[in-house]
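*Asks:* Handing you this structure, nothing more for now.
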Amino acid sequence: MADIAAQVRAERENSGPGLLAVERKGTADVIGYCGLIFQGNGSPDEPELAYELLRAAHGCGYATEASRAVVTWASEARYQRLWATVWHWNVASRRVLKKLGFRETGRVEPDSVHGHSLLTVREF
């Protein structure tokens, strides 16, 4: 996962890191993605953290590690805040976001197919 931090740092000159592949160190197998999207819930200068891992990679700390690298990059790039959405039933991702300093805003978007989506924010 140190590789993702290096990739994020290398993107410093661009508008943002975008979505990056998350690879397991040693095996180089892609297990998901993590990064920033710029057409999310905030204004263009307030991107949204996005990540998704294959089920086989859940519970290993990869989401926290990859997301921490992206949050660190966003802080160093002087963004004022980051947004993230999470399904209300996704307790593991809610814990990841809490570890990273995100707080739930109280805004809930109902979705009849997947459940409710919660909006979270992290201010720097």
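Note on naming: chains are A, B, ... as they come in the structure tokens, residues start from 1 per chain, ligands start from 1 in the order shown.
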Going by DSSP on the backbone, which residues of chain A come out as strand (DSSP E)? List them as JSON, numbers by chain.
*Replies:* {"A": [19, 20, 21, 22, 23, 30, 31, 32, 33, 34, 35, 36, 37, 48, 49, 50, 51, 52, 53, 81, 82, 83, 84, 85, 86, 87, 103, 104, 105, 106, 107, 108, 109, 117, 118, 119, 120, 121, 122, 123]}
*Asks:* Among region 18-105 of chain A, which ones does DSSP place in alpha helix (DSSP H), written as a ChimeraX atom specification?
*Replies:* /A:62-76,91-99
*Asks:* Could you please determine the separation between CA of Val121 (chain A) and CA of Arg81 (chain A) in Å, to one decimal place?
*Replies:*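 Computing it gives 6.8 Å between the two atoms.
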*Asks:* Please provide the set of residues having any atom within 12 Å of Thr120 (chain A), restricted to only C-alpha atoms, with same-chain residues fewer than 4 positions apart removed, written as an MDAnalysis selection string.
*Replies:* chainID A and resid 40:42 48:50 81:88 93:98 100:109
*Asks:* In Å, with one decimal, what is the gap from CA of Thr64 (chain A) to CA of His116 (chain A)?
*Replies:*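 Atom-to-atom, CA of Thr64 (chain A) and CA of His116 (chain A) are spaced 22.3 Å apart.
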*Asks:* What is the CA of Gly32 (chain A) to CA of Asn90 (chain A) distance in Å?
*Replies:*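 Computing the Euclidean distance for CA of Gly32 (chain A) and CA of Asn90 (chain A) yields 16.6 Å.
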*Asks:* Tell me, as an NGL selection string, which residues lie within 8 Å of Phe124 (chain A), counting only C-alpha atoms; anything in the same chain fewer than 3 positions away does not count.
*Replies:* :A and (75 or 79-81)
